Amino acid sequence: MKNLLIIVVIALSSLLLLTGCKREETPETSLQPIETSAPALPDTDQETAKQPEATNVPAADVPPAAEMVKSRITNEWVPEEIANRRPIAIMVPNTKTASQYGLSSADILYECNVESSITRLMGIWENWDNMEKVGNVRSSRDYFMYWSFEWDAFHVHYGGPFYMDDLLARKDTDSVNLNVDVSKTYHFRDTAKNDFDNAFTSSSLIKKYIENAHYSLDYRDDYTDEQHFLFSSVSEPNTLDQYENAIDALTVDLSVAYPLTNCYFVYNTETGLYDRYQHLSGEPEGPHMDLTNNTQLSFKNLLIQNTYYEVRDEKGYLSFQCHDTTRDGWFFTNGKGIHINWEKTSDYGATRYYDDSGNEIRLNTGKTMICIIEDGDTFQVDNKAIVNS
């Protein structure tokens, strides 16, 4: 009996031990991957099923719509057909008798003396489709033509002195000369400040001239640099903080260099742009306005370009040396400025700008003002005089 009791106890202990082991296995089994899940997809299907990887490209650097590309003129997103079409360059006077329409939509604006201290403006427009009235249009000079050449632009002007005749006669010059438009097919006279500065044109009339002249609307590969300005990205703008010798520049005053227009620029901390003002001889001081929309002219980039010049004749006609490798200037953006050097080595070659270490500067996205001033002229930055070499 005693032996039978021992056998029963051993059997019960074995049964309990076996049951306990099974209870311990159950949790472990539930933590293992389930072998009966859906079969793995083939490699190609796995690639398709993957979620797209997150991109690190900032939204500002991504095209806002299909078939948009970066403009070579402003670095802004523009329709591809606009970017691939040649721009226009229009000559506009800058005197108290001028009636200026359309200037606020120009992507680049040049200013330079033409005789004595009278300055003339030349705007570069990339998108020139919807201008009903632009001008008033005045005569050009040969050095303005060289600056329009580097954009491969259609040069819109109202004649000019004989010094530019050789350039106008060249087969590669696509000029829209309204002075030979006797029948007013491509321009019109309109109400203005006087009876002289009153010649205007429009997008449709310019297109009509170009079509009748059989000019190519597409950029000519042999006459333009695909990359003109060098730009910073929108997400990483050029603050000029990387330059130890950068100066603060809240006001850039060119009144000494341009004594008849007395123009100056004030940095707008809210918009990040340089607003243009001027004090034309005989006119009150104030913002430089576009009469089309009562908009003040403003620019993201401001270039001061020191240039060799000569007086051509007793009438005071000037000549500026556009082709050069030894001249300097200044670059202003985001409320700061640095000394630069510039070069232009061919008729259609871009004018390039370099810092004092020889690196090409990066402009910021937006409009650019280029002020051409004479060797040795003085201008002021925050009331401090800067004399060019």
# chains A, B, ... in the order shown; residues from 1 in each chain; ligands from 1
>>> select_by_dssp(residues="stretch 35-265 of chain A", states="helix (DSSP H, G or I)", output="VMD selection string")
chain A and resid 43 to 49 59 to 61 80 to 83 103 to 105 142 to 149 162 to 169 178 to 180 203 to 213 221 to 223
>>> select_by_dssp(residues="stretch 288-371 of chain A", states="strand (DSSP E or B)", output="NGL selection string")
:A and (289-290 or 295-296 or 298-299 or 301-307 or 309-311 or 317-320 or 324-333 or 336-344 or 352-354 or 360 or 363 or 368-371)
>>> residues_around(residues="stretch 128-130 of chain A", least_positions_apart="5", cutoff="10 Å", atoms="only C-alpha atoms", output="list in words")
Ile82, Arg86, Pro87, Ile88, Ser105, Ala106, Ser202, Ser203, Ser204, Ile206 and Lys207 of chain A
>>> write_last_selection(atoms="all heavy atoms", output="PDB file, in the first residue's frame")
ATOM      1  N   ILE A  82       7.692  81.327 -70.859  1.00  0.00           N
ATOM      2  CA  ILE A  82       8.195  82.680 -70.588  1.00  0.00           C
ATOM      3  C   ILE A  82       9.712  82.652 -70.412  1.00  0.00           C
ATOM      4  O   ILE A  82      10.432  83.509 -70.922  1.00  0.00           O
ATOM      5  CB  ILE A  82       7.519  83.265 -69.334  1.00  0.00           C
ATOM      6  CG1 ILE A  82       6.010  83.417 -69.551  1.00  0.00           C
ATOM      7  CG2 ILE A  82       8.149  84.600 -68.953  1.00  0.00           C
ATOM      8  CD1 ILE A  82       5.632  84.379 -70.648  1.00  0.00           C
ATOM      9  N   ARG A  86      12.837  85.331 -75.362  1.00  0.00           N
ATOM     10  CA  ARG A  86      13.741  86.459 -75.143  1.00  0.00           C
ATOM     11  C   ARG A  86      13.010  87.628 -74.474  1.00  0.00           C
ATOM     12  O   ARG A  86      11.843  87.903 -74.757  1.00  0.00           O
ATOM     13  CB  ARG A  86      14.348  86.909 -76.480  1.00  0.00           C
ATOM     14  CG  ARG A  86      15.228  85.863 -77.123  1.00  0.00           C
ATOM     15  CD  ARG A  86      15.532  86.192 -78.575  1.00  0.00           C
ATOM     16  NE  ARG A  86      16.276  87.433 -78.703  1.00  0.00           N
ATOM     17  CZ  ARG A  86      16.526  88.015 -79.881  1.00  0.00           C
ATOM     18  NH1 ARG A  86      16.067  87.484 -81.009  1.00  0.00           N
ATOM     19  NH2 ARG A  86      17.225  89.129 -79.934  1.00  0.00           N
ATOM     20  N   PRO A  87      13.702  88.342 -73.590  1.00  0.00           N
ATOM     21  CA  PRO A  87      13.099  89.499 -72.931  1.00  0.00           C
ATOM     22  C   PRO A  87      13.133  90.732 -73.831  1.00  0.00           C
ATOM     23  O   PRO A  87      13.679  90.696 -74.942  1.00  0.00           O
ATOM     24  CB  PRO A  87      13.985  89.692 -71.703  1.00  0.00           C
ATOM     25  CG  PRO A  87      15.321  89.188 -72.149  1.00  0.00           C
ATOM     26  CD  PRO A  87      15.058  88.046 -73.091  1.00  0.00           C
ATOM     27  N   ILE A  88      12.560  91.807 -73.334  1.00  0.00           N
ATOM     28  CA  ILE A  88      12.640  93.092 -74.031  1.00  0.00           C
ATOM     29  C   ILE A  88      13.377  94.086 -73.135  1.00  0.00           C
ATOM     30  O   ILE A  88      13.355  93.978 -71.909  1.00  0.00           O
ATOM     31  CB  ILE A  88      11.254  93.653 -74.405  1.00  0.00           C
ATOM     32  CG1 ILE A  88      10.387  93.843 -73.146  1.00  0.00           C
ATOM     33  CG2 ILE A  88      10.554  92.742 -75.412  1.00  0.00           C
ATOM     34  CD1 ILE A  88       9.075  94.552 -73.418  1.00  0.00           C
ATOM     35  N   SER A 105       7.083  96.815 -63.144  1.00  0.00           N
ATOM     36  CA  SER A 105       7.049  95.404 -63.554  1.00  0.00           C
ATOM     37  C   SER A 105       8.331  94.955 -64.233  1.00  0.00           C
ATOM     38  O   SER A 105       8.462  93.785 -64.593  1.00  0.00           O
ATOM     39  CB  SER A 105       5.854  95.153 -64.487  1.00  0.00           C
ATOM     40  OG  SER A 105       5.958  95.936 -65.669  1.00  0.00           O
ATOM     41  N   ALA A 106       9.291  95.868 -64.411  1.00  0.00           N
ATOM     42  CA  ALA A 106      10.582  95.490 -64.987  1.00  0.00           C
ATOM     43  C   ALA A 106      11.348  94.628 -63.991  1.00  0.00           C
ATOM     44  O   ALA A 106      11.342  94.891 -62.785  1.00  0.00           O
ATOM     45  CB  ALA A 106      11.402  96.728 -65.345  1.00  0.00           C
ATOM     46  N   SER A 202       3.176  99.132 -76.507  1.00  0.00           N
ATOM     47  CA  SER A 202       2.471  98.115 -75.736  1.00  0.00           C
ATOM     48  C   SER A 202       2.999  96.737 -76.105  1.00  0.00           C
ATOM     49  O   SER A 202       3.745  96.578 -77.089  1.00  0.00           O
ATOM     50  CB  SER A 202       0.965  98.180 -76.024  1.00  0.00           C
ATOM     51  OG  SER A 202       0.709  97.804 -77.374  1.00  0.00           O
ATOM     52  N   SER A 203       2.590  95.744 -75.340  1.00  0.00           N
ATOM     53  CA  SER A 203       3.029  94.378 -75.628  1.00  0.00           C
ATOM     54  C   SER A 203       2.605  93.938 -77.020  1.00  0.00           C
ATOM     55  O   SER A 203       3.394  93.362 -77.773  1.00  0.00           O
ATOM     56  CB  SER A 203       2.433  93.414 -74.590  1.00  0.00           C
ATOM     57  OG  SER A 203       2.893  93.699 -73.297  1.00  0.00           O
ATOM     58  N   SER A 204       1.367  94.205 -77.372  1.00  0.00           N
ATOM     59  CA  SER A 204       0.863  93.756 -78.675  1.00  0.00           C
ATOM     60  C   SER A 204       1.583  94.444 -79.826  1.00  0.00           C
ATOM     61  O   SER A 204       1.864  93.810 -80.857  1.00  0.00           O
ATOM     62  CB  SER A 204      -0.645  94.007 -78.767  1.00  0.00           C
ATOM     63  OG  SER A 204      -0.941  95.382 -78.605  1.00  0.00           O
ATOM     64  N   ILE A 206       4.713  95.677 -79.748  1.00  0.00           N
ATOM     65  CA  ILE A 206       6.080  95.148 -79.801  1.00  0.00           C
ATOM     66  C   ILE A 206       6.089  93.781 -80.477  1.00  0.00           C
ATOM     67  O   ILE A 206       6.943  93.484 -81.321  1.00  0.00           O
ATOM     68  CB  ILE A 206       6.680  95.072 -78.389  1.00  0.00           C
ATOM     69  CG1 ILE A 206       6.865  96.477 -77.810  1.00  0.00           C
ATOM     70  CG2 ILE A 206       8.022  94.328 -78.409  1.00  0.00           C
ATOM     71  CD1 ILE A 206       7.279  96.487 -76.350  1.00  0.00           C
ATOM     72  N   LYS A 207       5.125  92.928 -80.134  1.00  0.00           N
ATOM     73  CA  LYS A 207       5.043  91.612 -80.765  1.00  0.00           C
ATOM     74  C   LYS A 207       4.809  91.736 -82.260  1.00  0.00           C
ATOM     75  O   LYS A 207       5.349  90.957 -83.060  1.00  0.00           O
ATOM     76  CB  LYS A 207       3.920  90.802 -80.113  1.00  0.00           C
ATOM     77  CG  LYS A 207       4.219  90.359 -78.696  1.00  0.00           C
ATOM     78  CD  LYS A 207       3.043  89.598 -78.098  1.00  0.00           C
ATOM     79  CE  LYS A 207       3.334  89.190 -76.657  1.00  0.00           C
ATOM     80  NZ  LYS A 207       2.185  88.489 -76.039  1.00  0.00           N
TER      81      LYS A 207
END
>>> residues_around(residues="A:Ala249", least_positions_apart="3", cutoff="7 Å", atoms="only C-alpha atoms", output="list in words")
Val252, Gly335, Lys336, Gly337, Val381 and Asp382 of chain A
>>> residues_around(residues="A:Arg362", least_positions_apart="2", cutoff="10 Å", atoms="only C-alpha atoms", output="PyMOL selection string")
chain A and resi 229-233+237-240+331+353-355+359-360+364-365
>>> atom_distance(atom1="atom CA of A:Tyr143", atom2="atom CA of A:His157")
13.2 Å
>>> closest_residue(among="A:Phe162, A:Tyr258, A:Phe299, A:Phe379", to="A:Asp275", atoms="only C-alpha atoms")
A:Phe299
>>> decode(residues="stretch 279-310 of chain A", atoms="C-alpha atoms", output="CSV table (one decimal), in the first residue's frame")
chain,number,residue,atom,x,y,z
A,279,HIS,CA,14.3,114.4,-56.0
A,280,LEU,CA,14.2,115.5,-59.6
A,281,SER,CA,15.4,119.0,-60.3
A,282,GLY,CA,12.4,121.3,-59.9
A,283,GLU,CA,10.3,118.5,-58.4
A,284,PRO,CA,9.5,117.6,-54.8
A,285,GLU,CA,11.3,114.8,-53.0
A,286,GLY,CA,9.4,111.5,-52.8
A,287,PRO,CA,9.1,107.9,-53.8
A,288,HIS,CA,9.8,106.9,-57.4
A,289,MET,CA,6.4,105.8,-58.6
A,290,ASP,CA,5.0,103.9,-61.6
A,291,LEU,CA,2.1,105.8,-63.0
A,292,THR,CA,0.4,102.6,-64.3
A,293,ASN,CA,-0.5,101.4,-60.8
A,294,ASN,CA,0.9,104.0,-58.4
A,295,THR,CA,3.5,101.5,-57.2
A,296,GLN,CA,6.9,102.5,-55.8
A,297,LEU,CA,9.9,101.0,-57.5
A,298,SER,CA,11.6,98.5,-55.2
A,299,PHE,CA,14.5,96.0,-55.6
A,300,LYS,CA,15.9,93.0,-53.8
A,301,ASN,CA,19.4,93.6,-55.2
A,302,LEU,CA,21.2,96.8,-55.8
A,303,LEU,CA,24.5,96.9,-57.8
A,304,ILE,CA,26.6,100.0,-58.1
A,305,GLN,CA,28.9,99.6,-61.1
A,306,ASN,CA,31.9,102.0,-61.3
A,307,THR,CA,32.7,102.5,-65.0
A,308,TYR,CA,35.3,104.3,-67.2
A,309,TYR,CA,33.7,107.1,-69.2
A,310,GLU,CA,34.6,109.9,-71.7
